[in-house]
Amino acid sequence: MITDHSEICDPLVRYLILLRPAEDEESCPAAPAFCAGAVGCSAAMQRIFRLVEALQYSEASVLISGESGTGKEVVARAIHQNSPRSGGPFVAVNCGALPADLLESELFGHVRGAFTGAVRDRIGRFELASQGTLFLDEIGDVPPQLQVKLLRVLQERQYERVGESATRTTHARIIAATNVDLRGALRQGRIREDLYYRLCVVPIEVPPLRARREDITPLVHHLLSRVSTQRGLVRRISPQALRMLLDYSWPGNVRELSNVLEYAVVVARGETILPDDLPQEVLHTPTEHLPLAAATPDTAAGLTLPASVHLEHQSPESMHIISVLEKHHWKKADAAKELGLSRSTLWRKMRELKLE
């Protein structure tokens with residue numbers, strides 16, 4: 001309802017109805033938002049969701065691997081919230097952020113006088129998480145002398161506080177995460193073999209965002225809704241801006257996507273986020289780091305295409321579709337899955353490109 005009229009608005013007007021064009025399609029209809037907000041419709045994420053569901057009655061240790069920013073802690077929280085321990089605490093420790101002596105005190109606790117500065121007793125994270133889940137992030141950075149004590153906790157559920165001889169027991173569920181190749185670290189002797197196999201009872205690998213581009217659209221809508229709600233705003237994203245997000249290589253994965261959307265929400269002048277509202281690194285990504293979506297006729301040379309297709313007349317979007325079709329040997333079901341399109345939409349675009 002209009003209450004404040006201006007010179008360009010008829011004084012008799014009381015209501016304004018705004019009609020927005022419907023999206024051509026939902027690239028991922030009914031994309032699941034799992035327990036802790038993990039969103040994805042790609043085959044890789046669906047496998048992770050099924051595995052998390054299968055773990056709901058298990059106490060097995062889990063090792064989550066993946067690049068920084070892929071959402072390893074989100075998956076860990078999903079495992080915790082989908083388990084009988086959901087009523088207990090979820091305690092997270094970044095093992096790479098502390099030196100060895102402080103990390104030992106952080107994990108096991110200490111007693112007064114155990115070292116300089118220990119003016120009172122302190123309980124450790126194993127004790128805090130005893131009825132819940134302890135998440136050990138960057139487990140590959142644990143120093144060798146501490147790996148022995150960590151192994152004992154995993155094997156016997158027993159430990160001592162720093163400076164104390166009394167043995168304590170923990171019942172914490174252990175979930176670890178790493179962004180390094182632990183098998184490589186195992187071969188180099190940087191991690192104990194027995195510790196590795198104690199941690200890696202159930203391995204989960206979270207793929208990078210560039211390897212599951214069909215998840216970008218549902219992630220954008222999910223994260224944009226969350227950021228907008230936190231700031232008390234209403235924001236939507238234009239198809240052009242969404243296309244630029246789909247074309248970006250995302251070296252920082254989901255964390256970088258979240259930061260980009262938060263930036264766009266802040267700088268957008270209207271309800272709709274436009275390409276100009278995106279950070280410069282998204283707008284001006286060097287060609288060598290762009291995915292096939294940004295390929296030009298010159299960079300796409302060597303594709304085996306129908307004679308009716310002229311590369312020099314194709315748009316970047318058309319080149320992307322042609323490149324993905326070529327990659328999957330023109331198997332339309334596989335190409336549609338990578339493109340994040342329905343099969344009917346891919347057929348329509350192929351007809352427009354005269355690729356029937």
# chains A, B, ... in the order shown; residues from 1 in each chain; ligands from 1
>>> select_by_dssp(residues="range 71-312 of chain A", states="helix (DSSP H, G or I)", output="CSV table (one decimal) with N, CA and C atoms, in the first residue's frame")
chain,number,residue,atom,x,y,z
A,72,LYS,N,33.3,-28.7,6.1
A,72,LYS,CA,33.5,-29.9,6.9
A,72,LYS,C,32.9,-29.8,8.2
A,73,GLU,N,32.9,-28.7,8.9
A,73,GLU,CA,32.3,-28.5,10.2
A,73,GLU,C,30.8,-28.6,10.1
A,74,VAL,N,30.3,-28.1,9.0
A,74,VAL,CA,28.8,-28.2,8.8
A,74,VAL,C,28.4,-29.7,8.7
A,75,VAL,N,29.2,-30.5,8.0
A,75,VAL,CA,28.9,-31.9,7.9
A,75,VAL,C,29.0,-32.6,9.3
A,76,ALA,N,30.1,-32.2,10.1
A,76,ALA,CA,30.3,-32.7,11.4
A,76,ALA,C,29.1,-32.4,12.3
A,77,ARG,N,28.6,-31.1,12.2
A,77,ARG,CA,27.4,-30.8,13.0
A,77,ARG,C,26.2,-31.5,12.6
A,78,ALA,N,26.1,-31.8,11.3
A,78,ALA,CA,24.9,-32.6,10.8
A,78,ALA,C,25.0,-34.0,11.4
A,79,ILE,N,26.2,-34.6,11.5
A,79,ILE,CA,26.3,-35.9,12.1
A,79,ILE,C,25.9,-35.9,13.6
A,80,HIS,N,26.4,-34.9,14.3
A,80,HIS,CA,26.0,-34.7,15.7
A,80,HIS,C,24.5,-34.5,15.9
A,81,GLN,N,23.9,-33.7,15.1
A,81,GLN,CA,22.5,-33.4,15.3
A,81,GLN,C,21.6,-34.5,14.9
A,84,PRO,N,22.0,-39.8,18.6
A,84,PRO,CA,21.5,-39.8,19.9
A,84,PRO,C,22.1,-38.7,20.8
A,85,ARG,N,23.3,-38.2,20.4
A,85,ARG,CA,24.0,-37.3,21.2
A,85,ARG,C,23.6,-35.8,20.9
A,86,SER,N,22.6,-35.7,20.1
A,86,SER,CA,22.2,-34.3,19.7
A,86,SER,C,21.8,-33.4,20.9
A,87,GLY,N,21.4,-34.1,22.0
A,87,GLY,CA,21.1,-33.3,23.2
A,87,GLY,C,22.3,-32.8,24.0
A,100,ALA,N,51.8,-26.9,20.7
A,100,ALA,CA,51.6,-28.2,21.3
A,100,ALA,C,51.2,-28.2,22.7
A,101,ASP,N,52.0,-27.4,23.6
A,101,ASP,CA,51.7,-27.4,25.0
A,101,ASP,C,50.3,-26.8,25.3
A,102,LEU,N,49.9,-25.7,24.6
A,102,LEU,CA,48.6,-25.2,24.8
A,102,LEU,C,47.5,-26.1,24.3
A,103,LEU,N,47.8,-26.8,23.2
A,103,LEU,CA,46.8,-27.7,22.7
A,103,LEU,C,46.5,-28.8,23.6
A,104,GLU,N,47.6,-29.4,24.2
A,104,GLU,CA,47.4,-30.4,25.2
A,104,GLU,C,46.5,-30.0,26.4
A,105,SER,N,46.8,-28.8,26.9
A,105,SER,CA,45.9,-28.2,28.0
A,105,SER,C,44.5,-28.0,27.5
A,106,GLU,N,44.4,-27.6,26.3
A,106,GLU,CA,43.0,-27.3,25.7
A,106,GLU,C,42.2,-28.6,25.6
A,107,LEU,N,42.9,-29.7,25.2
A,107,LEU,CA,42.2,-30.9,25.0
A,107,LEU,C,41.9,-31.7,26.3
A,108,PHE,N,42.9,-31.7,27.2
A,108,PHE,CA,42.8,-32.6,28.4
A,108,PHE,C,42.6,-31.8,29.7
A,125,ARG,N,38.6,-30.1,26.7
A,125,ARG,CA,37.5,-30.2,25.8
A,125,ARG,C,37.0,-31.7,25.8
A,126,PHE,N,37.8,-32.6,26.1
A,126,PHE,CA,37.3,-34.0,26.2
A,126,PHE,C,36.3,-34.2,27.3
A,127,GLU,N,36.5,-33.5,28.4
A,127,GLU,CA,35.6,-33.5,29.5
A,127,GLU,C,34.3,-32.7,29.2
A,128,LEU,N,34.5,-31.6,28.5
A,128,LEU,CA,33.3,-30.8,28.1
A,128,LEU,C,32.4,-31.5,27.2
A,139,ILE,N,43.2,-32.0,12.1
A,139,ILE,CA,43.8,-33.0,12.9
A,139,ILE,C,45.2,-33.4,12.4
A,140,GLY,N,45.5,-33.1,11.1
A,140,GLY,CA,46.8,-33.3,10.5
A,140,GLY,C,47.9,-32.5,11.1
A,141,ASP,N,47.5,-31.4,11.9
A,141,ASP,CA,48.5,-30.5,12.4
A,141,ASP,C,48.9,-30.9,13.9
A,144,PRO,N,53.6,-34.8,16.9
A,144,PRO,CA,53.8,-36.2,17.1
A,144,PRO,C,53.7,-36.6,18.6
A,145,GLN,N,54.3,-35.7,19.5
A,145,GLN,CA,54.2,-36.1,20.9
A,145,GLN,C,52.8,-36.1,21.5
A,146,LEU,N,51.9,-35.3,20.9
A,146,LEU,CA,50.6,-35.3,21.4
A,146,LEU,C,49.7,-36.4,20.7
A,147,GLN,N,50.2,-36.9,19.6
A,147,GLN,CA,49.4,-38.0,18.9
A,147,GLN,C,49.4,-39.2,19.8
A,148,VAL,N,50.4,-39.5,20.6
A,148,VAL,CA,50.4,-40.7,21.4
A,148,VAL,C,49.3,-40.6,22.5
A,149,LYS,N,49.2,-39.4,23.1
A,149,LYS,CA,48.1,-39.2,24.1
A,149,LYS,C,46.7,-39.3,23.5
A,150,LEU,N,46.6,-38.7,22.3
A,150,LEU,CA,45.3,-38.7,21.6
A,150,LEU,C,44.9,-40.1,21.2
A,151,LEU,N,45.9,-40.9,20.9
A,151,LEU,CA,45.6,-42.3,20.5
A,151,LEU,C,45.1,-43.1,21.7
A,152,ARG,N,45.7,-42.8,22.9
A,152,ARG,CA,45.2,-43.5,24.1
A,152,ARG,C,43.8,-43.2,24.4
A,153,VAL,N,43.4,-41.9,24.2
A,153,VAL,CA,42.0,-41.5,24.5
A,153,VAL,C,41.1,-42.3,23.5
A,154,LEU,N,41.5,-42.4,22.3
A,154,LEU,CA,40.6,-43.1,21.3
A,154,LEU,C,40.5,-44.6,21.6
A,155,GLN,N,41.6,-45.2,22.1
A,155,GLN,CA,41.6,-46.6,22.3
A,155,GLN,C,41.0,-47.0,23.7
A,156,GLU,N,41.3,-46.2,24.7
A,156,GLU,CA,40.9,-46.6,26.1
A,156,GLU,C,39.9,-45.7,26.7
A,182,LEU,N,46.1,-37.0,4.4
A,182,LEU,CA,46.6,-37.7,5.6
A,182,LEU,C,47.3,-39.0,5.1
A,183,ARG,N,47.0,-39.6,4.0
A,183,ARG,CA,47.7,-40.7,3.5
A,183,ARG,C,49.1,-40.3,3.1
A,184,GLY,N,49.2,-39.2,2.5
A,184,GLY,CA,50.6,-38.7,2.2
A,184,GLY,C,51.4,-38.4,3.5
A,185,ALA,N,50.7,-37.8,4.5
A,185,ALA,CA,51.3,-37.5,5.8
A,185,ALA,C,51.7,-38.8,6.4
A,186,LEU,N,50.9,-39.9,6.2
A,186,LEU,CA,51.2,-41.2,6.8
A,186,LEU,C,52.5,-41.7,6.2
A,187,ARG,N,52.6,-41.6,4.9
A,187,ARG,CA,53.8,-42.1,4.2
A,187,ARG,C,55.1,-41.3,4.6
A,193,GLU,N,50.4,-44.2,12.1
A,193,GLU,CA,49.6,-45.1,11.4
A,193,GLU,C,48.4,-45.6,12.3
A,194,ASP,N,48.7,-45.9,13.5
A,194,ASP,CA,47.6,-46.4,14.4
A,194,ASP,C,46.6,-45.3,14.7
A,195,LEU,N,47.1,-44.1,14.8
A,195,LEU,CA,46.1,-43.0,15.0
A,195,LEU,C,45.3,-42.7,13.8
A,196,TYR,N,45.9,-42.8,12.7
A,196,TYR,CA,45.1,-42.6,11.4
A,196,TYR,C,44.0,-43.6,11.3
A,197,TYR,N,44.2,-44.8,11.5
A,197,TYR,CA,43.2,-45.8,11.4
A,197,TYR,C,42.2,-45.8,12.5
A,198,ARG,N,42.5,-45.3,13.6
A,198,ARG,CA,41.6,-45.1,14.7
A,198,ARG,C,40.6,-44.0,14.4
A,199,LEU,N,41.1,-42.9,13.7
A,199,LEU,CA,40.3,-41.8,13.3
A,199,LEU,C,39.4,-42.1,12.1
A,209,LEU,N,33.7,-26.9,-4.3
A,209,LEU,CA,32.5,-26.3,-4.9
A,209,LEU,C,32.6,-26.4,-6.4
A,210,ARG,N,33.8,-26.2,-7.0
A,210,ARG,CA,33.9,-26.2,-8.4
A,210,ARG,C,33.6,-27.6,-9.0
A,211,ALA,N,33.7,-28.7,-8.2
A,211,ALA,CA,33.4,-30.0,-8.6
A,211,ALA,C,31.9,-30.4,-8.5
A,213,ARG,N,29.0,-28.0,-9.3
A,213,ARG,CA,28.4,-26.7,-9.6
A,213,ARG,C,26.9,-26.7,-9.6
A,214,GLU,N,26.3,-27.9,-9.6
A,214,GLU,CA,24.8,-27.9,-9.5
A,214,GLU,C,24.4,-27.5,-8.1
A,215,ASP,N,25.3,-27.5,-7.2
A,215,ASP,CA,24.9,-27.0,-5.8
A,215,ASP,C,25.0,-25.5,-5.6
A,216,ILE,N,25.6,-24.8,-6.6
A,216,ILE,CA,25.8,-23.4,-6.4
A,216,ILE,C,24.5,-22.6,-6.3
A,217,THR,N,23.5,-22.9,-7.2
A,217,THR,CA,22.2,-22.2,-7.2
A,217,THR,C,21.5,-22.4,-5.9
A,218,PRO,N,21.3,-23.7,-5.4
A,218,PRO,CA,20.6,-23.8,-4.1
A,218,PRO,C,21.4,-23.2,-3.0
A,219,LEU,N,22.7,-23.3,-3.0
A,219,LEU,CA,23.5,-22.6,-2.0
A,219,LEU,C,23.3,-21.1,-2.0
A,220,VAL,N,23.3,-20.5,-3.2
A,220,VAL,CA,23.1,-19.1,-3.3
A,220,VAL,C,21.8,-18.7,-2.6
A,221,HIS,N,20.7,-19.4,-2.9
A,221,HIS,CA,19.4,-19.0,-2.4
A,221,HIS,C,19.4,-19.2,-0.9
A,222,HIS,N,20.0,-20.3,-0.4
A,222,HIS,CA,20.0,-20.6,1.0
A,222,HIS,C,20.8,-19.6,1.8
A,223,LEU,N,22.0,-19.3,1.3
A,223,LEU,CA,22.9,-18.4,2.0
A,223,LEU,C,22.3,-16.9,1.9
A,224,LEU,N,21.8,-16.6,0.8
A,224,LEU,CA,21.2,-15.3,0.6
A,224,LEU,C,20.0,-15.0,1.5
A,225,SER,N,19.2,-16.0,1.7
A,225,SER,CA,18.1,-15.9,2.6
A,225,SER,C,18.6,-15.8,4.0
A,226,ARG,N,19.6,-16.5,4.4
A,226,ARG,CA,20.1,-16.4,5.8
A,226,ARG,C,20.7,-15.1,6.0
A,227,VAL,N,21.6,-14.6,5.1
A,227,VAL,CA,22.2,-13.3,5.3
A,227,VAL,C,21.2,-12.2,5.3
A,228,SER,N,20.2,-12.2,4.4
A,228,SER,CA,19.2,-11.2,4.4
A,228,SER,C,18.4,-11.2,5.7
A,229,THR,N,18.0,-12.3,6.2
A,229,THR,CA,17.2,-12.4,7.4
A,229,THR,C,18.0,-11.8,8.6
A,230,GLN,N,19.3,-12.1,8.7
A,230,GLN,CA,20.1,-11.6,9.7
A,230,GLN,C,20.2,-10.1,9.7
A,239,PRO,N,19.2,-13.0,-12.6
A,239,PRO,CA,19.8,-14.2,-13.4
A,239,PRO,C,21.2,-13.9,-13.9
A,240,GLN,N,21.5,-12.6,-14.2
A,240,GLN,CA,22.8,-12.2,-14.7
A,240,GLN,C,23.9,-12.4,-13.6
A,241,ALA,N,23.5,-12.0,-12.4
A,241,ALA,CA,24.5,-12.1,-11.3
A,241,ALA,C,24.7,-13.6,-10.9
A,242,LEU,N,23.6,-14.3,-11.0
A,242,LEU,CA,23.7,-15.8,-10.7
A,242,LEU,C,24.6,-16.5,-11.7
A,243,ARG,N,24.5,-16.0,-13.0
A,243,ARG,CA,25.3,-16.6,-14.0
A,243,ARG,C,26.8,-16.4,-13.7
A,244,MET,N,27.1,-15.2,-13.2
A,244,MET,CA,28.5,-14.8,-12.9
A,244,MET,C,29.0,-15.7,-11.8
A,245,LEU,N,28.1,-16.0,-10.8
A,245,LEU,CA,28.5,-16.8,-9.7
A,245,LEU,C,28.7,-18.3,-10.2
A,246,LEU,N,27.9,-18.7,-11.1
A,246,LEU,CA,28.1,-20.0,-11.7
A,246,LEU,C,29.4,-20.2,-12.5
A,247,ASP,N,29.8,-19.1,-13.1
A,247,ASP,CA,31.0,-19.1,-13.9
A,247,ASP,C,32.3,-18.9,-13.1
A,253,ASN,N,35.7,-21.9,-2.0
A,253,ASN,CA,34.6,-22.8,-1.8
A,253,ASN,C,33.4,-22.1,-1.2
A,254,VAL,N,32.6,-22.8,-0.4
A,254,VAL,CA,31.4,-22.3,0.2
A,254,VAL,C,31.6,-21.1,1.1
A,255,ARG,N,32.7,-21.1,1.8
A,255,ARG,CA,33.0,-20.0,2.7
A,255,ARG,C,33.2,-18.7,1.9
A,256,GLU,N,33.8,-18.8,0.7
A,256,GLU,CA,34.0,-17.6,-0.1
A,256,GLU,C,32.6,-17.2,-0.7
A,257,LEU,N,31.8,-18.2,-1.1
A,257,LEU,CA,30.5,-17.8,-1.6
A,257,LEU,C,29.6,-17.1,-0.6
A,258,SER,N,29.7,-17.5,0.6
A,258,SER,CA,29.0,-16.9,1.7
A,258,SER,C,29.5,-15.4,1.9
A,259,ASN,N,30.8,-15.2,1.8
A,259,ASN,CA,31.3,-13.9,2.0
A,259,ASN,C,30.9,-13.0,0.8
A,260,VAL,N,30.9,-13.5,-0.4
A,260,VAL,CA,30.5,-12.8,-1.6
A,260,VAL,C,29.0,-12.3,-1.5
A,261,LEU,N,28.2,-13.2,-1.0
A,261,LEU,CA,26.8,-12.8,-0.9
A,261,LEU,C,26.5,-11.8,0.2
A,262,GLU,N,27.3,-11.9,1.3
A,262,GLU,CA,27.2,-10.9,2.4
A,262,GLU,C,27.6,-9.6,1.9
A,263,TYR,N,28.7,-9.5,1.1
A,263,TYR,CA,29.1,-8.3,0.5
A,263,TYR,C,28.1,-7.7,-0.4
A,264,ALA,N,27.5,-8.6,-1.2
A,264,ALA,CA,26.4,-8.1,-2.2
A,264,ALA,C,25.2,-7.6,-1.5
A,265,VAL,N,24.8,-8.2,-0.4
A,265,VAL,CA,23.6,-7.7,0.4
A,265,VAL,C,23.9,-6.3,0.9
A,266,VAL,N,25.1,-6.1,1.3
A,266,VAL,CA,25.5,-4.8,1.9
A,266,VAL,C,25.5,-3.7,0.9
A,267,VAL,N,26.1,-4.0,-0.3
A,267,VAL,CA,26.3,-2.9,-1.3
A,267,VAL,C,25.1,-2.7,-2.3
A,275,PRO,N,24.9,-7.8,-11.2
A,275,PRO,CA,26.4,-8.1,-11.4
A,275,PRO,C,27.3,-7.0,-10.8
A,276,ASP,N,26.9,-5.7,-10.9
A,276,ASP,CA,27.7,-4.7,-10.3
A,276,ASP,C,27.8,-4.7,-8.8
A,277,ASP,N,27.0,-5.5,-8.2
A,277,ASP,CA,27.0,-5.6,-6.7
A,277,ASP,C,28.0,-6.6,-6.2
A,280,GLN,N,34.9,-7.5,-7.2
A,280,GLN,CA,35.7,-7.4,-8.4
A,280,GLN,C,36.3,-8.7,-8.8
A,281,GLU,N,36.7,-9.5,-7.8
A,281,GLU,CA,37.4,-10.8,-8.2
A,281,GLU,C,36.4,-11.7,-8.9
A,282,VAL,N,35.1,-11.6,-8.6
A,282,VAL,CA,34.1,-12.5,-9.2
A,282,VAL,C,33.8,-11.9,-10.6
A,283,LEU,N,33.9,-10.6,-10.8
A,283,LEU,CA,33.6,-10.0,-12.1
A,283,LEU,C,34.7,-10.1,-13.1
A,287,THR,N,41.1,-15.5,-17.3
A,287,THR,CA,40.6,-16.5,-18.1
A,287,THR,C,41.2,-17.9,-17.8
A,288,GLU,N,42.4,-17.9,-17.4
A,288,GLU,CA,43.0,-19.3,-17.1
A,288,GLU,C,42.5,-19.9,-15.9
A,289,HIS,N,41.8,-19.1,-15.0
A,289,HIS,CA,41.2,-19.7,-13.8
A,289,HIS,C,39.7,-19.9,-13.9
A,292,LEU,N,34.8,-23.8,-17.8
A,292,LEU,CA,34.4,-23.8,-19.2
A,292,LEU,C,33.3,-22.8,-19.5
A,293,ALA,N,32.5,-22.4,-18.5
A,293,ALA,CA,31.4,-21.5,-18.7
A,293,ALA,C,31.9,-20.2,-19.3
A,294,ALA,N,33.2,-19.8,-19.1
A,294,ALA,CA,33.7,-18.5,-19.6
A,294,ALA,C,34.6,-18.7,-20.8
A,311,LEU,N,31.6,-21.7,-34.1
A,311,LEU,CA,32.1,-21.3,-32.8
A,311,LEU,C,32.1,-19.8,-32.7
A,312,GLU,N,32.5,-19.1,-33.8
A,312,GLU,CA,32.7,-17.7,-33.7
A,312,GLU,C,31.4,-16.9,-33.4
>>> select_by_dssp(residues="range 62-206 of chain A", states="strand (DSSP E)", output="number ranges by chain")
A: 62-65, 90-94, 109-110, 122-123, 133-137, 158-159, 168-169, 173-178, 202-205
>>> write_last_selection(atoms="C-alpha atoms", output="JSON list (two decimals), in the first residue's frame")
[["chain", "number", "residue", "atom", "x", "y", "z"],
["A", 62, "VAL", "CA", 34.53, -40.14, 11.53],
["A", 63, "LEU", "CA", 37.27, -38.47, 9.46],
["A", 64, "ILE", "CA", 36.06, -35.68, 7.17],
["A", 65, "SER", "CA", 38.47, -34.51, 4.48],
["A", 90, "PHE", "CA", 29.14, -30.02, 20.12],
["A", 91, "VAL", "CA", 32.66, -28.92, 21.09],
["A", 92, "ALA", "CA", 35.06, -27.81, 18.33],
["A", 93, "VAL", "CA", 38.84, -27.45, 18.61],
["A", 94, "ASN", "CA", 41.13, -26.16, 15.86],
["A", 109, "GLY", "CA", 42.70, -29.66, 30.84],
["A", 110, "HIS", "CA", 45.24, -28.83, 33.56],
["A", 122, "ARG", "CA", 40.71, -26.04, 34.09],
["A", 123, "ILE", "CA", 38.66, -28.79, 32.48],
["A", 133, "THR", "CA", 30.67, -34.75, 20.22],
["A", 134, "LEU", "CA", 34.26, -33.48, 20.07],
["A", 135, "PHE", "CA", 35.20, -32.06, 16.68],
["A", 136, "LEU", "CA", 38.97, -32.02, 16.08],
["A", 137, "ASP", "CA", 39.54, -29.71, 13.13],
["A", 158, "GLN", "CA", 41.18, -42.47, 29.36],
["A", 159, "TYR", "CA", 43.46, -39.44, 29.88],
["A", 168, "ARG", "CA", 39.83, -39.60, 33.96],
["A", 169, "THR", "CA", 37.35, -41.12, 31.52],
["A", 173, "ARG", "CA", 32.15, -39.05, 20.21],
["A", 174, "ILE", "CA", 35.15, -38.10, 18.06],
["A", 175, "ILE", "CA", 34.83, -36.48, 14.63],
["A", 176, "ALA", "CA", 38.03, -35.23, 13.00],
["A", 177, "ALA", "CA", 38.60, -33.12, 9.91],
["A", 178, "THR", "CA", 41.58, -32.25, 7.72],
["A", 202, "VAL", "CA", 34.20, -43.81, 8.60],
["A", 203, "PRO", "CA", 35.84, -41.56, 5.96],
["A", 204, "ILE", "CA", 33.84, -38.74, 4.36],
["A", 205, "GLU", "CA", 35.27, -36.56, 1.61]]
>>> residues_around(residues="Arg112 in chain A", least_positions_apart="4", cutoff="12 Å", atoms="only C-alpha atoms", output="list of chain:residue names")
A:Ser105, A:Thr116, A:Gly117, A:Ala118, A:Val119, A:Arg120, A:Asp121, A:Arg122, A:Ile123, A:Arg161, A:Val162, A:Gly163, A:Glu164
>>> write_last_selection(atoms="N, CA and C atoms", output="PDB file, in the first residue's frame")
ATOM      1  N   SER A 105      46.775 -28.776  26.887  1.00  0.00           N
ATOM      2  CA  SER A 105      45.947 -28.241  27.968  1.00  0.00           C
ATOM      3  C   SER A 105      44.518 -28.012  27.499  1.00  0.00           C
ATOM      4  N   THR A 116      53.601 -22.359  34.279  1.00  0.00           N
ATOM      5  CA  THR A 116      53.519 -20.930  34.540  1.00  0.00           C
ATOM      6  C   THR A 116      52.243 -20.350  33.942  1.00  0.00           C
ATOM      7  N   GLY A 117      51.482 -19.694  34.782  1.00  0.00           N
ATOM      8  CA  GLY A 117      50.227 -19.116  34.319  1.00  0.00           C
ATOM      9  C   GLY A 117      49.020 -19.968  34.649  1.00  0.00           C
ATOM     10  N   ALA A 118      49.226 -21.208  35.099  1.00  0.00           N
ATOM     11  CA  ALA A 118      48.106 -22.071  35.483  1.00  0.00           C
ATOM     12  C   ALA A 118      47.693 -21.743  36.915  1.00  0.00           C
ATOM     13  N   VAL A 119      46.883 -20.712  37.082  1.00  0.00           N
ATOM     14  CA  VAL A 119      46.522 -20.224  38.417  1.00  0.00           C
ATOM     15  C   VAL A 119      45.299 -20.933  38.987  1.00  0.00           C
ATOM     16  N   ARG A 120      44.645 -21.725  38.181  1.00  0.00           N
ATOM     17  CA  ARG A 120      43.490 -22.488  38.681  1.00  0.00           C
ATOM     18  C   ARG A 120      43.277 -23.728  37.812  1.00  0.00           C
ATOM     19  N   ASP A 121      42.520 -24.677  38.327  1.00  0.00           N
ATOM     20  CA  ASP A 121      42.202 -25.879  37.553  1.00  0.00           C
ATOM     21  C   ASP A 121      41.331 -25.505  36.349  1.00  0.00           C
ATOM     22  N   ARG A 122      41.525 -26.266  35.286  1.00  0.00           N
ATOM     23  CA  ARG A 122      40.707 -26.037  34.094  1.00  0.00           C
ATOM     24  C   ARG A 122      40.350 -27.370  33.451  1.00  0.00           C
ATOM     25  N   ILE A 123      39.073 -27.552  33.140  1.00  0.00           N
ATOM     26  CA  ILE A 123      38.656 -28.786  32.475  1.00  0.00           C
ATOM     27  C   ILE A 123      38.963 -28.674  30.988  1.00  0.00           C
ATOM     28  N   ARG A 161      44.745 -34.975  33.137  1.00  0.00           N
ATOM     29  CA  ARG A 161      44.955 -33.544  32.967  1.00  0.00           C
ATOM     30  C   ARG A 161      46.447 -33.245  33.059  1.00  0.00           C
ATOM     31  N   VAL A 162      46.880 -32.156  32.457  1.00  0.00           N
ATOM     32  CA  VAL A 162      48.275 -31.741  32.542  1.00  0.00           C
ATOM     33  C   VAL A 162      48.602 -31.408  33.997  1.00  0.00           C
ATOM     34  N   GLY A 163      49.677 -32.064  34.517  1.00  0.00           N
ATOM     35  CA  GLY A 163      50.079 -31.825  35.899  1.00  0.00           C
ATOM     36  C   GLY A 163      49.345 -32.665  36.909  1.00  0.00           C
ATOM     37  N   GLU A 164      48.574 -33.660  36.458  1.00  0.00           N
ATOM     38  CA  GLU A 164      47.800 -34.494  37.375  1.00  0.00           C
ATOM     39  C   GLU A 164      48.033 -35.962  37.034  1.00  0.00           C
TER      40      GLU A 164
END
>>> residues_around(residues="Lys332 in chain A", least_positions_apart="5", cutoff="12 Å", atoms="only C-alpha atoms", output="MDAnalysis selection string")
chainID A and resid 321:322 324:327 337:350 355:356
>>> write_last_selection(atoms="C-alpha atoms", output="compact mmCIF listing (two decimals), in the first residue's frame")
# COMPACT_ATOMS: atom_id res chain seq x y z
CA ILE A 321 26.92 -25.99 -22.99
CA ILE A 322 28.83 -27.20 -26.06
CA VAL A 324 30.09 -29.89 -21.36
CA LEU A 325 28.28 -31.89 -24.05
CA GLU A 326 31.63 -32.66 -25.67
CA LYS A 327 33.11 -33.60 -22.29
CA LYS A 337 23.48 -33.05 -14.42
CA GLU A 338 26.80 -31.16 -14.59
CA LEU A 339 25.12 -28.04 -15.96
CA GLY A 340 22.53 -28.11 -13.20
CA LEU A 341 19.72 -28.18 -15.76
CA SER A 342 16.74 -30.42 -16.29
CA ARG A 343 16.88 -32.59 -19.37
CA SER A 344 13.99 -30.72 -20.97
CA THR A 345 15.77 -27.39 -20.50
CA LEU A 346 18.96 -28.79 -22.02
CA TRP A 347 16.97 -30.05 -25.02
CA ARG A 348 15.43 -26.59 -25.42
CA LYS A 349 18.84 -24.88 -25.33
CA MET A 350 20.24 -27.43 -27.79
CA LEU A 355 22.36 -29.01 -31.87
CA GLU A 356 19.48 -31.48 -32.29
>>> closest_residue(among="A:Arg212, A:Glu59, A:Ala166, A:Val111", to="Trp250 in chain A", atoms="only C-alpha atoms")
A:Arg212
>>> atom_distance(atom1="CA of Ala97 in chain A", atom2="CA of Pro207 in chain A")
23.7 Å
>>> atom_distance(atom1="CA of Gly96 in chain A", atom2="CA of Ser68 in chain A")
12.8 Å
>>> closest_residue(among="A:His171, A:Arg231, A:Arg157, A:Gly252", to="Thr70 in chain A", atoms="only C-alpha atoms")
A:Gly252
